[in-house]
Every structure is written in structure tokens, then in C-alpha cells.
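Chemist: Data: work19.tsv, TSV, C-alpha atoms.
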chain	number	residue	atom	x	y	z
A	17	MET	CA	-156.52	-41.04	-24.76
A	18	SER	CA	-155.95	-37.71	-23.00
A	19	PHE	CA	-158.71	-35.73	-21.25
A	20	PHE	CA	-158.64	-33.04	-23.95
A	21	ALA	CA	-158.99	-35.65	-26.69
A	22	PHE	CA	-161.96	-37.02	-24.76
A	23	LEU	CA	-163.54	-33.55	-24.67
A	24	GLU	CA	-163.02	-33.16	-28.41
A	25	GLU	CA	-165.24	-36.18	-28.96
A	26	LYS	CA	-167.99	-34.44	-26.96
A	27	THR	CA	-167.77	-31.10	-28.78
A	28	ALA	CA	-171.40	-31.11	-29.89
A	29	GLU	CA	-172.67	-31.92	-26.38
A	30	ILE	CA	-170.49	-29.21	-24.80
A	31	LEU	CA	-171.57	-26.60	-27.38
A	32	PHE	CA	-175.22	-27.40	-26.67
A	33	GLN	CA	-174.66	-27.00	-22.91
A	34	LEU	CA	-172.86	-23.68	-23.47
A	35	PHE	CA	-175.73	-22.47	-25.65
A	36	PHE	CA	-178.21	-23.47	-22.93
A	37	LEU	CA	-176.10	-21.67	-20.31
A	38	ALA	CA	-175.95	-18.56	-22.47
A	39	ALA	CA	-179.74	-18.62	-22.85
A	40	VAL	CA	-180.23	-18.93	-19.06
A	41	VAL	CA	-177.74	-16.12	-18.39
A	42	PHE	CA	-179.52	-13.89	-20.94
A	43	LEU	CA	-182.91	-14.50	-19.29
A	44	LEU	CA	-181.54	-13.84	-15.80
A	45	PHE	CA	-179.85	-10.66	-17.00
A	46	PHE	CA	-183.04	-9.59	-18.82
A	47	TYR	CA	-185.12	-9.93	-15.62
A	48	GLY	CA	-182.61	-7.93	-13.63
A	49	VAL	CA	-181.02	-10.66	-11.54
A	50	ASP	CA	-177.92	-9.57	-9.65
A	51	LEU	CA	-174.73	-9.87	-11.75
A	52	LEU	CA	-172.80	-11.51	-8.89
A	53	PHE	CA	-175.41	-14.27	-8.70
A	54	ILE	CA	-175.15	-14.82	-12.47
A	55	LEU	CA	-171.35	-15.08	-12.25
A	56	LEU	CA	-171.60	-17.55	-9.36
A	57	LEU	CA	-174.07	-19.60	-11.40
A	58	ILE	CA	-171.70	-19.65	-14.39
A	59	GLY	CA	-168.79	-20.70	-12.13
A	60	LEU	CA	-170.85	-23.45	-10.44
A	61	PHE	CA	-172.06	-24.76	-13.79
A	62	THR	CA	-168.50	-24.83	-15.13
A	63	VAL	CA	-167.14	-26.68	-12.06
A	64	VAL	CA	-169.95	-29.24	-12.13
A	65	GLN	CA	-169.57	-29.88	-15.85
A	66	VAL	CA	-165.78	-30.23	-15.73
A	67	SER	CA	-166.03	-32.56	-12.71
A	68	PHE	CA	-168.72	-34.63	-14.39
A	69	GLN	CA	-166.77	-34.91	-17.64
A	70	TRP	CA	-163.62	-35.84	-15.71
A	71	TYR	CA	-165.60	-38.57	-13.91
A	72	LEU	CA	-166.88	-39.93	-17.25
A	73	TYR	CA	-163.35	-39.76	-18.68
A	74	ARG	CA	-161.84	-41.75	-15.78
A	75	LYS	CA	-164.67	-44.29	-15.91
A	76	LYS	CA	-164.21	-44.94	-19.64
A	77	LYS	CA	-160.43	-45.02	-19.32
A	78	ASN	CA	-160.61	-47.62	-16.55
A	79	ALA	CA	-163.03	-49.70	-18.62
A	80	SER	CA	-160.66	-49.50	-21.60
A	81	ARG	CA	-157.72	-50.49	-19.40
A	82	ARG	CA	-159.63	-53.54	-18.10
A	83	ILE	CA	-160.31	-54.69	-21.67
A	84	MET	CA	-156.66	-54.19	-22.68
A	85	ASP	CA	-155.46	-56.09	-19.60
A	86	LEU	CA	-157.91	-58.87	-20.41
A	87	ALA	CA	-156.57	-59.04	-23.97
A	88	ASP	CA	-152.97	-59.15	-22.69
A	89	ARG	CA	-153.79	-62.06	-20.37
A	90	LEU	CA	-155.37	-64.13	-23.14
A	91	GLU	CA	-153.06	-66.74	-24.63
A	92	GLU	CA	-155.05	-66.64	-27.87
A	93	SER	CA	-156.18	-63.09	-28.61
A	94	CYS	CA	-158.56	-64.26	-31.32
A	95	TYR	CA	-161.04	-65.15	-28.54
A	96	ILE	CA	-161.19	-61.61	-27.16
A	97	ALA	CA	-164.70	-61.05	-28.56
A	98	GLU	CA	-165.97	-63.95	-26.45
A	99	VAL	CA	-164.83	-62.51	-23.12
A	100	ILE	CA	-165.16	-58.72	-23.34
A	101	PRO	CA	-168.43	-57.31	-21.95
A	102	LYS	CA	-171.06	-56.21	-24.43
A	103	PRO	CA	-171.22	-52.36	-24.58
A	104	ARG	CA	-174.42	-50.37	-24.11
A	105	GLU	CA	-173.65	-47.45	-26.40
A	106	MET	CA	-175.12	-47.81	-29.88
A	107	GLN	CA	-171.91	-47.04	-31.77
A	108	ASN	CA	-169.77	-49.27	-29.54
A	109	GLU	CA	-172.32	-52.03	-29.91
A	110	ALA	CA	-171.83	-51.85	-33.69
A	111	TYR	CA	-168.04	-52.10	-33.20
A	112	TYR	CA	-168.57	-55.06	-30.86
A	113	TYR	CA	-170.73	-56.80	-33.49
A	114	ALA	CA	-168.09	-56.21	-36.19
A	115	LEU	CA	-165.30	-57.48	-33.92
A	116	LYS	CA	-167.26	-60.58	-32.97
A	117	LYS	CA	-168.01	-61.37	-36.60
A	118	ALA	CA	-164.35	-60.88	-37.60
A	119	CYS	CA	-163.12	-63.08	-34.74
A	120	ARG	CA	-165.61	-65.81	-35.65
A	121	PHE	CA	-164.41	-65.77	-39.26
A	122	MET	CA	-160.77	-65.82	-38.15
A	123	ASN	CA	-161.34	-68.71	-35.73
A	124	ASP	CA	-163.08	-70.72	-38.44
A	125	LYS	CA	-160.17	-70.00	-40.79
A	126	ILE	CA	-157.61	-71.00	-38.17
A	127	GLY	CA	-159.54	-74.20	-37.43
A	128	LYS	CA	-159.56	-75.11	-41.11
A	129	ILE	CA	-155.82	-74.41	-41.47
A	130	GLU	CA	-155.01	-76.49	-38.37
A	131	GLU	CA	-157.07	-79.37	-39.71
A	132	GLU	CA	-155.28	-79.20	-43.08
A	133	LYS	CA	-151.92	-79.04	-41.27
A	134	ARG	CA	-152.81	-82.09	-39.16
A	135	GLU	CA	-153.84	-84.08	-42.24
A	136	TYR	CA	-150.65	-83.07	-44.07
A	137	GLN	CA	-148.52	-84.01	-41.06
A	138	GLU	CA	-150.22	-87.40	-40.84
A	139	TYR	CA	-149.53	-87.96	-44.54
A	140	ILE	CA	-145.84	-87.01	-44.13
A	141	GLU	CA	-145.47	-89.36	-41.16
A	142	SER	CA	-147.18	-92.18	-43.02
A	143	PHE	CA	-145.03	-91.63	-46.10
A	144	ALA	CA	-141.84	-91.55	-44.02
A	145	HIS	CA	-142.73	-94.81	-42.31
A	146	GLU	CA	-143.52	-96.52	-45.60
A	147	ILE	CA	-140.46	-95.27	-47.51
A	148	LYS	CA	-138.07	-96.31	-44.73
A	149	ILE	CA	-138.87	-99.99	-45.37
A	150	PRO	CA	-137.59	-100.21	-48.99
A	151	ILE	CA	-134.66	-97.92	-48.16
A	152	GLY	CA	-133.71	-100.19	-45.27
A	153	ALA	CA	-133.98	-103.23	-47.54
A	154	LEU	CA	-131.69	-101.58	-50.12
A	155	SER	CA	-129.17	-100.68	-47.43
A	156	LEU	CA	-129.13	-104.26	-46.13
A	157	THR	CA	-128.72	-105.62	-49.67
A	158	PHE	CA	-125.76	-103.33	-50.40
A	159	ASP	CA	-124.24	-104.17	-47.02
A	160	ASN	CA	-124.43	-107.90	-47.73
A	161	ALA	CA	-122.96	-107.30	-51.19
A	162	LYS	CA	-120.21	-105.16	-49.59
A	163	ASN	CA	-121.11	-102.33	-51.94
A	164	TYR	CA	-120.43	-99.61	-49.41
A	165	THR	CA	-120.64	-96.79	-51.93
A	166	LEU	CA	-124.31	-97.47	-52.66
A	167	LYS	CA	-124.96	-98.34	-49.02
A	168	LYS	CA	-123.62	-94.93	-48.07
A	169	GLU	CA	-126.09	-93.28	-50.45
A	170	THR	CA	-129.03	-95.33	-49.18
A	171	ASP	CA	-128.04	-94.52	-45.60
A	172	LYS	CA	-128.00	-90.84	-46.58
A	173	MET	CA	-131.52	-91.22	-48.01
A	174	PHE	CA	-132.61	-92.95	-44.80
A	175	GLY	CA	-131.16	-90.09	-42.73
A	176	LEU	CA	-132.97	-87.47	-44.80
A	177	VAL	CA	-136.28	-89.31	-44.44
A	178	GLU	CA	-135.69	-89.64	-40.71
A	179	GLN	CA	-134.92	-85.93	-40.50
A	180	MET	CA	-138.15	-85.16	-42.35
A	181	LEU	CA	-140.10	-87.33	-39.90
A	182	TYR	CA	-138.59	-85.68	-36.84
A	183	TYR	CA	-139.18	-82.25	-38.36
A	184	ALA	CA	-142.85	-83.12	-38.90
A	185	ARG	CA	-143.14	-84.17	-35.25
A	186	SER	CA	-141.00	-81.47	-33.71
A	187	GLU	CA	-144.07	-79.43	-32.71
A	188	ASP	CA	-145.63	-82.38	-30.85
A	189	THR	CA	-142.69	-83.95	-29.03
A	190	GLU	CA	-144.69	-84.26	-25.81
A	191	LYS	CA	-146.87	-86.85	-27.57
A	192	ASP	CA	-143.94	-88.90	-28.79
A	193	TYR	CA	-141.27	-89.23	-26.13
A	194	PHE	CA	-140.70	-91.67	-23.31
A	195	ILE	CA	-138.34	-90.76	-20.50
A	196	LYS	CA	-136.25	-93.65	-19.19
A	197	GLN	CA	-132.87	-94.51	-17.74
A	198	LEU	CA	-130.16	-94.80	-20.37
A	199	ASN	CA	-126.46	-95.52	-20.45
A	200	LEU	CA	-124.84	-92.67	-22.33
A	201	LYS	CA	-122.00	-94.91	-23.47
A	202	GLU	CA	-124.40	-97.35	-25.15
A	203	VAL	CA	-126.39	-94.60	-26.89
A	204	MET	CA	-123.17	-93.00	-28.15
A	205	HIS	CA	-121.85	-96.39	-29.28
A	206	ASN	CA	-125.00	-96.98	-31.37
A	207	ALA	CA	-124.64	-93.53	-32.95
A	208	ILE	CA	-121.03	-94.30	-33.91
A	209	LEU	CA	-121.99	-97.68	-35.38
A	210	LYS	CA	-124.57	-95.94	-37.55
A	211	PHE	CA	-121.79	-93.93	-39.23
A	212	ARG	CA	-119.04	-96.58	-39.11
A	213	HIS	CA	-118.60	-96.75	-42.90
A	214	SER	CA	-118.36	-92.98	-43.24
A	215	LEU	CA	-115.89	-92.84	-40.35
A	216	MET	CA	-113.75	-95.52	-41.94
A	217	GLU	CA	-113.92	-93.81	-45.33
A	218	LYS	CA	-112.69	-90.54	-43.79
A	219	LYS	CA	-110.08	-92.51	-41.77
A	220	VAL	CA	-111.27	-90.86	-38.60
A	221	VAL	CA	-109.35	-91.50	-35.40
A	222	LEU	CA	-111.80	-91.86	-32.50
A	223	ASP	CA	-110.88	-90.77	-28.99
A	224	ILE	CA	-113.64	-91.71	-26.54
A	225	GLN	CA	-113.15	-91.03	-22.84
A	226	ASP	CA	-115.29	-91.18	-19.70
A	227	ILE	CA	-118.82	-91.38	-21.16
A	228	ASP	CA	-120.05	-94.29	-19.03
A	229	HIS	CA	-122.81	-92.35	-17.26
A	230	ILE	CA	-126.49	-92.84	-16.50
A	231	ILE	CA	-128.85	-90.25	-17.98
A	232	TYR	CA	-132.63	-89.86	-18.11
A	233	THR	CA	-134.17	-88.82	-21.40
A	234	ASP	CA	-135.89	-90.21	-24.50
A	235	GLU	CA	-133.67	-92.67	-26.36
A	236	LYS	CA	-135.04	-92.04	-29.87
A	237	TRP	CA	-134.86	-88.26	-29.66
A	238	LEU	CA	-131.37	-88.34	-28.15
A	239	ALA	CA	-130.18	-90.80	-30.83
A	240	PHE	CA	-131.49	-88.47	-33.52
A	241	ILE	CA	-129.74	-85.44	-31.97
A	242	LEU	CA	-126.45	-87.36	-31.73
A	243	SER	CA	-126.80	-88.52	-35.33
A	244	GLN	CA	-127.19	-84.91	-36.51
A	245	ILE	CA	-124.07	-83.87	-34.59
A	246	MET	CA	-122.08	-86.87	-35.88
A	247	GLN	CA	-123.26	-86.25	-39.44
A	248	ASN	CA	-122.12	-82.63	-39.31
A	249	ALA	CA	-118.74	-83.59	-37.89
A	250	ILE	CA	-118.11	-86.18	-40.61
A	251	LYS	CA	-119.34	-83.90	-43.36
A	252	TYR	CA	-116.82	-81.17	-42.59
A	253	PHE	CA	-113.65	-83.17	-41.97
A	254	ASP	CA	-110.92	-81.71	-44.21
A	255	LYS	CA	-107.58	-82.65	-42.65
A	256	GLN	CA	-105.02	-85.30	-43.56
A	257	GLU	CA	-105.58	-86.74	-40.09
A	258	ASN	CA	-109.21	-86.49	-38.97
A	259	HIS	CA	-109.88	-86.77	-35.24
A	260	LEU	CA	-113.19	-87.10	-33.43
A	261	ARG	CA	-112.99	-86.72	-29.67
A	262	ILE	CA	-115.94	-87.68	-27.47
A	263	TYR	CA	-115.74	-87.07	-23.74
A	264	SER	CA	-117.79	-85.90	-20.79
A	265	GLN	CA	-117.60	-83.65	-17.76
A	266	ASP	CA	-119.60	-84.47	-14.66
A	267	ASN	CA	-120.41	-81.98	-11.92
A	268	GLU	CA	-123.03	-81.64	-9.21
A	269	THR	CA	-125.75	-80.09	-11.32
A	270	GLN	CA	-124.98	-81.11	-14.92
A	271	LEU	CA	-123.50	-83.79	-17.10
A	272	LEU	CA	-121.80	-82.39	-20.20
A	273	LEU	CA	-121.20	-84.54	-23.28
A	274	MET	CA	-118.68	-83.01	-25.68
A	275	ILE	CA	-118.28	-84.08	-29.32
A	276	GLU	CA	-115.28	-82.34	-30.85
A	277	ASP	CA	-113.91	-82.64	-34.41
A	278	ASN	CA	-110.85	-81.10	-36.02
A	279	GLY	CA	-112.67	-80.23	-39.23
A	280	CYS	CA	-112.87	-76.92	-41.06
A	281	GLY	CA	-114.61	-75.17	-38.17
A	282	ILE	CA	-117.08	-72.30	-38.34
A	283	LYS	CA	-116.47	-68.61	-39.01
A	284	ALA	CA	-116.80	-66.45	-35.89
A	285	SER	CA	-119.45	-64.34	-37.65
A	286	ASP	CA	-121.53	-67.45	-38.35
A	287	LEU	CA	-121.27	-69.07	-34.93
A	288	SER	CA	-124.24	-67.27	-33.38
A	289	ARG	CA	-126.52	-68.33	-36.26
A	290	VAL	CA	-125.77	-72.05	-36.64
A	291	PHE	CA	-128.98	-73.04	-34.84
A	292	GLU	CA	-131.18	-70.90	-37.09
A	293	LYS	CA	-133.52	-72.70	-39.43
A	294	GLY	CA	-132.04	-73.01	-42.92
A	295	PHE	CA	-128.75	-71.30	-42.07
A	296	THR	CA	-125.85	-73.07	-43.84
A	297	GLY	CA	-123.01	-70.63	-43.17
A	298	SER	CA	-121.09	-68.38	-45.52
A	299	ASP	CA	-117.67	-69.98	-45.96
A	300	ARG	CA	-118.07	-73.54	-44.78
A	301	LYS	CA	-117.86	-76.26	-47.41
A	302	LYS	CA	-121.52	-77.08	-47.53
A	303	THR	CA	-122.48	-78.48	-50.90
A	304	ASN	CA	-125.02	-80.80	-49.25
A	305	ALA	CA	-125.94	-78.65	-46.25
A	306	THR	CA	-129.63	-78.08	-45.46
A	307	GLY	CA	-129.44	-75.94	-42.33
A	308	ILE	CA	-132.02	-78.18	-40.66
A	309	GLY	CA	-129.98	-80.63	-38.56
A	310	LEU	CA	-128.71	-78.26	-35.85
A	311	TYR	CA	-131.97	-76.31	-35.91
A	312	LEU	CA	-133.90	-79.49	-35.14
A	313	SER	CA	-131.35	-80.56	-32.54
A	314	LYS	CA	-131.72	-77.23	-30.72
A	315	LYS	CA	-135.49	-77.44	-30.87
A	316	LEU	CA	-135.68	-81.01	-29.61
A	317	CYS	CA	-133.17	-80.35	-26.85
A	318	GLY	CA	-135.39	-77.51	-25.64
A	319	ARG	CA	-138.41	-79.81	-25.61
A	320	LEU	CA	-136.51	-82.49	-23.67
A	321	GLY	CA	-135.12	-80.07	-21.10
A	322	LEU	CA	-131.56	-80.35	-22.42
A	323	GLU	CA	-129.16	-77.69	-23.66
A	324	ILE	CA	-127.00	-77.72	-26.76
A	325	GLN	CA	-124.01	-75.42	-27.10
A	326	ILE	CA	-121.41	-74.98	-29.83
A	327	ALA	CA	-117.89	-73.58	-29.90
A	328	SER	CA	-115.60	-73.42	-32.88
A	329	VAL	CA	-112.44	-71.86	-34.30
A	330	GLU	CA	-112.26	-71.68	-38.08
A	331	ASN	CA	-109.85	-74.22	-39.61
A	332	GLU	CA	-109.18	-75.75	-36.16
A	333	TYR	CA	-112.12	-77.43	-34.46
A	334	THR	CA	-115.84	-77.55	-33.74
A	335	ARG	CA	-117.11	-78.70	-30.34
A	336	VAL	CA	-120.78	-79.42	-29.69
A	337	THR	CA	-121.82	-79.82	-26.05
A	338	LEU	CA	-124.99	-81.52	-24.83
A	339	VAL	CA	-125.96	-80.55	-21.29
A	340	PHE	CA	-127.98	-83.05	-19.26
A	341	PRO	CA	-129.31	-81.38	-16.09
A	342	LYS	CA	-129.41	-83.19	-12.77
A	343	GLY	CA	-131.98	-82.85	-10.03
A	344	SER	CA	-135.39	-84.11	-9.03
A	345	MET	CA	-136.62	-84.18	-12.64
A	346	HIS	CA	-133.65	-86.24	-13.85
A	347	SER	CA	-132.74	-88.46	-10.88
A	348	PHE	CA	-135.73	-90.76	-10.59
A	349	THR	CA	-135.42	-94.52	-10.99
A	350	THR	CA	-136.99	-96.64	-13.67
A	351	GLY	CA	-139.57	-97.91	-11.17
A	352	ASN	CA	-141.23	-94.51	-10.66
A	353	GLN	CA	-140.25	-92.66	-13.84
A	354	SER	CA	-142.55	-90.23	-15.60
A	355	SER	CA	-143.48	-91.13	-19.11
A	356	ARG	CA	-145.54	-90.11	-22.09
A	357	SER	CA	-147.33	-92.16	-24.67
A	358	SER	CA	-144.97	-93.19	-27.46
A	359	ARG	CA	-145.33	-93.86	-31.15
A	360	SER	CA	-142.64	-95.88	-32.83
A	361	LEU	CA	-140.54	-94.15	-35.42
The structure in this file should be written as C-alpha cells.
Modeler:
Amino acid sequence: MSFFAFLEEKTAEILFQLFFLAAVVFLLFFYGVDLLFILLLIGLFTVVQVSFQWYLYRKKKNASRRIMDLADRLEESCYIAEVIPKPREMQNEAYYYALKKACRFMNDKIGKIEEEKREYQEYIESFAHEIKIPIGALSLTFDNAKNYTLKKETDKMFGLVEQMLYYARSEDTEKDYFIKQLNLKEVMHNAILKFRHSLMEKKVVLDIQDIDHIIYTDEKWLAFILSQIMQNAIKYFDKQENHLRIYSQDNETQLLLMIEDNGCGIKASDLSRVFEKGFTGSDRKKTNATGIGLYLSKKLCGRLGLEIQIASVENEYTRVTLVFPKGSMHSFTTGNQSSRSSRSL
């Protein structure tokens, strides 16, 4: 608020003071007081009033700035009414009361929504756990019967349920991961075994080089991320000869795991959006795409302190890179590792 806008709010008070000054000047002039003295009195009154109003303006502006700074520092602005000082002016006190009442209503509403969200999330997690058992039994039955067509469909169902479970927990990863020493080669081998039938069906030629490295991360979350990358690669193979190349690059600060396929690739205009939630691309063959897999992978990598990058040329290749940082947070031994409480998936 400018100083002139501040004075506009005090128009009535200023008009009253001017009327009082005019009355005093009239009386002094009526009783024959020297004109120079009257002019000096008017000038002194004007200087004092302007100085006083400027002081009030600066005081109120500083108080407003303190409240705005306090609001900016709050992580949850809905609690602003609990920390701002109670005003003394009658009108501001009414505003304070209205703000406090609105914030209380909003906080109660937010609390209710969070409780409903927590109950819904618990139901989703419970359902996912329960449904995985019969799906797993069906998959095992079809595997024993060598009915790989139906096994493939049940495995797809299992993957979708698993994706749903990880999506439900993606906001609370810190409650569900356990950092430990892993062999990247073993984790990658398990991910490949999971899709062995699909790889054989697509007649994929695997080229695996130099991935025998030690990493420190959560095994379940990493396995899920790798499964999403593998699933995408298999889904978009479209060549007579399908190749999947898996290799690594080790340097002083990072370990890079590259998973590269020679599938249909991604349009250059779509490449910057592949990690967006629900984005399935414009030209890619995506009859069964959900736009969730890479979004979740990006989100979980961020929670685990990893990076995920993607490069692609349409109709040539797609390369997804997982970056495992090195340093004090990732070079501890299993004897003194940091960990979090873990719930089994």
C-alpha cells in the first residue's frame, strides 16, 4: 500500500483535523493575532501531522511485512491464524476472528480428507495383497501346464496389481524401504527372469555386459523400477530382430545402468513428457499403455536418491539410464547401513 492510499483511508480523520485547524485559525484571526504567527502555526501543524501520519504508515507497513514474511515461512499456510498476533483495532479484530474461524474449518476439512485418504489407501494395499495370492496361484498352474499364453495374461494382471500397490505407496516410500548392499547383476537377472516368456515370445536377443557392480538401495523398489523399464521395452519391440542391450558405465561419482532396446522409439516432441503422469505419447503403438509406469519410476527414483534419464530416436532405439550416485550416503557397508522400517509387498 502506498502512503497516499494510506491517507485515503484516513480521509474522515484528516478532514476533521483540517476543520479544527480552520476553526482555530478563524478564532486567532478574529482576536487580532499576528498573521505571521498564524501562518507559522499552520505550517507547524501541517509538518507535525504529515510526520505523524508517515510514522503510522511505516509502522503499519512493517507490521504487515512481518505477517507476510511469517506466512511465507510457514510450510502449511492454513495455520497462519494460529501464529499471527491478535490485532487491537476493532475492525482488524473482526477480520482476525473471521480468518481464525475459516482456518479452523479448513483444517478440520483437511483432517477429514486425510483420514479418508489413509483409510482408502489401506484398503487398496489390503486388496492388492489379497488378490496377488490367487493370481500367483493361477500363474503357477498355467506354468506347470505349460500354457504360456494364459500365464502371460496372469503375469500381466499381477504386474498391474503390483503397479497399483506401488502407486498407492509412492507418497510414503520412506516408511517402506530398506537400504542394503545389492549386486546389480543379480537384481537385473531376476528382472529378466520375470519377463523370460515375453522375451522368448518376441525372440529378443539379449546383450548383457559389465553389470557386476555393488550398489546400495532398496531391492523391492529397484526391482519394480527395472520391471517397468523392461515391460516398456518389450511392449514396443517392432523389428524382425529385436535386441535388448544392458550395460553399465562406472566413474568416480556415479554408476550408470543403461537399458537400450531397438524398438519403435519415441517422437522427439514426446520425449520431454514421457515421465508425466498419464502421458502415453502421440504416435507410439500404445494400445495397452497407461502412462503410469515411467511416472512411478521417476517418482520412486527421486525418493531413493537415484536419477532416471531417457534418450530415444524414433524408429531406432530407446535407452533408459538409471544413475546410482556414489559417496558417503552410498558407500557404507552392511554392518553400519542406514535403514527404515519395511513392510513386505
Chemist: List as a list in words the protein and nucleic acid residues near stretch 329-339 of chain A, meaning an atom at most 8 Å away when all atoms listed in the file are counted, but skip any in the same chain fewer than 2 places from it.
Modeler: Ile245, Ala249, Gln270, Leu271, Leu272, Leu273, Met274, Ile275, Glu276, Asp277, Asn278, Gly279, Cys280, Gly281, Ile282, Lys283, Ala284, Leu322, Glu323, Ile324, Gln325, Ile326, Ala327 and Pro341 of chain A
Chemist: For C-alpha atoms, I'd like the residues from the last selection saved as a compact mmCIF listing (two decimals), keeping the file's coordinate frame.
Modeler:
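The file below, part-v5.txt, is the result:
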# COMPACT_ATOMS: atom_id res chain seq x y z
CA ILE A 245 -124.07 -83.87 -34.59
CA ALA A 249 -118.74 -83.59 -37.89
CA GLN A 270 -124.98 -81.11 -14.92
CA LEU A 271 -123.50 -83.79 -17.10
CA LEU A 272 -121.80 -82.39 -20.20
CA LEU A 273 -121.20 -84.54 -23.28
CA MET A 274 -118.68 -83.01 -25.68
CA ILE A 275 -118.28 -84.08 -29.32
CA GLU A 276 -115.28 -82.34 -30.85
CA ASP A 277 -113.91 -82.64 -34.41
CA ASN A 278 -110.85 -81.10 -36.02
CA GLY A 279 -112.67 -80.23 -39.23
CA CYS A 280 -112.87 -76.92 -41.06
CA GLY A 281 -114.61 -75.17 -38.17
CA ILE A 282 -117.08 -72.30 -38.34
CA LYS A 283 -116.47 -68.61 -39.01
CA ALA A 284 -116.80 -66.45 -35.89
CA LEU A 322 -131.56 -80.35 -22.42
CA GLU A 323 -129.16 -77.69 -23.66
CA ILE A 324 -127.00 -77.72 -26.76
CA GLN A 325 -124.01 -75.42 -27.10
CA ILE A 326 -121.41 -74.98 -29.83
CA ALA A 327 -117.89 -73.58 -29.90
CA PRO A 341 -129.31 -81.38 -16.09
Chemist: Residues at most 12 Å from stretch 129-135 of chain A, counting only C-alpha atoms, excluding those fewer than 5 positions away in the same chain, as a ChimeraX atom specification?
Modeler: /A:122-124,140-142,184-185,187-188
Chemist: Write the residues of the selection above to a file with C-alpha atoms, as a short mmCIF file (atom, residue, chain, number, x, y, z; two decimals), keeping the file's coordinate frame.
Modeler:
data_model
loop_
_atom_site.label_atom_id
_atom_site.label_comp_id
_atom_site.auth_asym_id
_atom_site.auth_seq_id
_atom_site.Cartn_x
_atom_site.Cartn_y
_atom_site.Cartn_z
CA MET A 122 -160.77 -65.82 -38.15
CA ASN A 123 -161.34 -68.71 -35.73
CA ASP A 124 -163.08 -70.72 -38.44
CA ILE A 140 -145.84 -87.01 -44.13
CA GLU A 141 -145.47 -89.36 -41.16
CA SER A 142 -147.18 -92.18 -43.02
CA ALA A 184 -142.85 -83.12 -38.90
CA ARG A 185 -143.14 -84.17 -35.25
CA GLU A 187 -144.07 -79.43 -32.71
CA ASP A 188 -145.63 -82.38 -30.85
#
Chemist: Quick one, how far is atom CA of A:Leu34 from atom CA of A:Phe61?
Modeler: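 These atoms are spaced 9.8 Å apart.
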Chemist: Env of A:Glu202: 12 Å cut, atoms = all atoms listed in the file, seq-sep filter 4 positions within chain, self excluded. Answer as a short mmCIF file (atom, residue, chain, number, x, y, z; two decimals) with C-alpha atoms, in the coordinates of the input.
Modeler:
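Saved to selection_13.cif:
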data_model
loop_
_atom_site.label_atom_id
_atom_site.label_comp_id
_atom_site.auth_asym_id
_atom_site.auth_seq_id
_atom_site.Cartn_x
_atom_site.Cartn_y
_atom_site.Cartn_z
CA GLN A 197 -132.87 -94.51 -17.74
CA LEU A 198 -130.16 -94.80 -20.37
CA ASN A 206 -125.00 -96.98 -31.37
CA ALA A 207 -124.64 -93.53 -32.95
CA ILE A 208 -121.03 -94.30 -33.91
CA LEU A 209 -121.99 -97.68 -35.38
CA ILE A 227 -118.82 -91.38 -21.16
CA ASP A 228 -120.05 -94.29 -19.03
CA HIS A 229 -122.81 -92.35 -17.26
CA ILE A 230 -126.49 -92.84 -16.50
CA ILE A 231 -128.85 -90.25 -17.98
CA GLU A 235 -133.67 -92.67 -26.36
CA LEU A 238 -131.37 -88.34 -28.15
CA ALA A 239 -130.18 -90.80 -30.83
#
Chemist: One decimal, Å: what's the distance from atom CA of A:Ser285 over to atom CA of A:Cys317, could you say?
Modeler: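 A separation of 23.7 Å between them.
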Chemist: Between atom CA of A:Glu109 and atom CA of A:Ser80, what distance in Å does the model show, to one decimal?
Modeler: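 Computing it gives 14.5 Å between the two atoms.
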Chemist: With distances taken over only C-alpha atoms, which of A:Val220, A:Ile241, A:Ile195, A:Val64 is nearest to A:Phe253?
Modeler: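 Checking each candidate against A:Phe253, we get A:Val220 as the closest.
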Chemist: If we draw a sphere of 6 Å around (-172.9, -55.4, -28.5), which residues have at least one atom in it when counting all atoms listed in the file? Please report them as a VMD selection string.
Modeler: chain A and resid 102 to 103 109 112 to 113
Chemist: Find the residue from A:Arg319, A:Arg212, A:Lys201, A:Arg89 that sits nearest to A:Tyr263; use only C-alpha atoms when measuring.
Modeler: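 That would be A:Lys201, the residue with the smallest distance to A:Tyr263.
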Chemist: Name the residues within 10 Å of (-142.2, -90.9, -44.3), counting all atoms listed in the file in the file's coordinates, and put them as number ranges by chain.
Modeler: A: 137-149, 174, 176-182, 184, 361
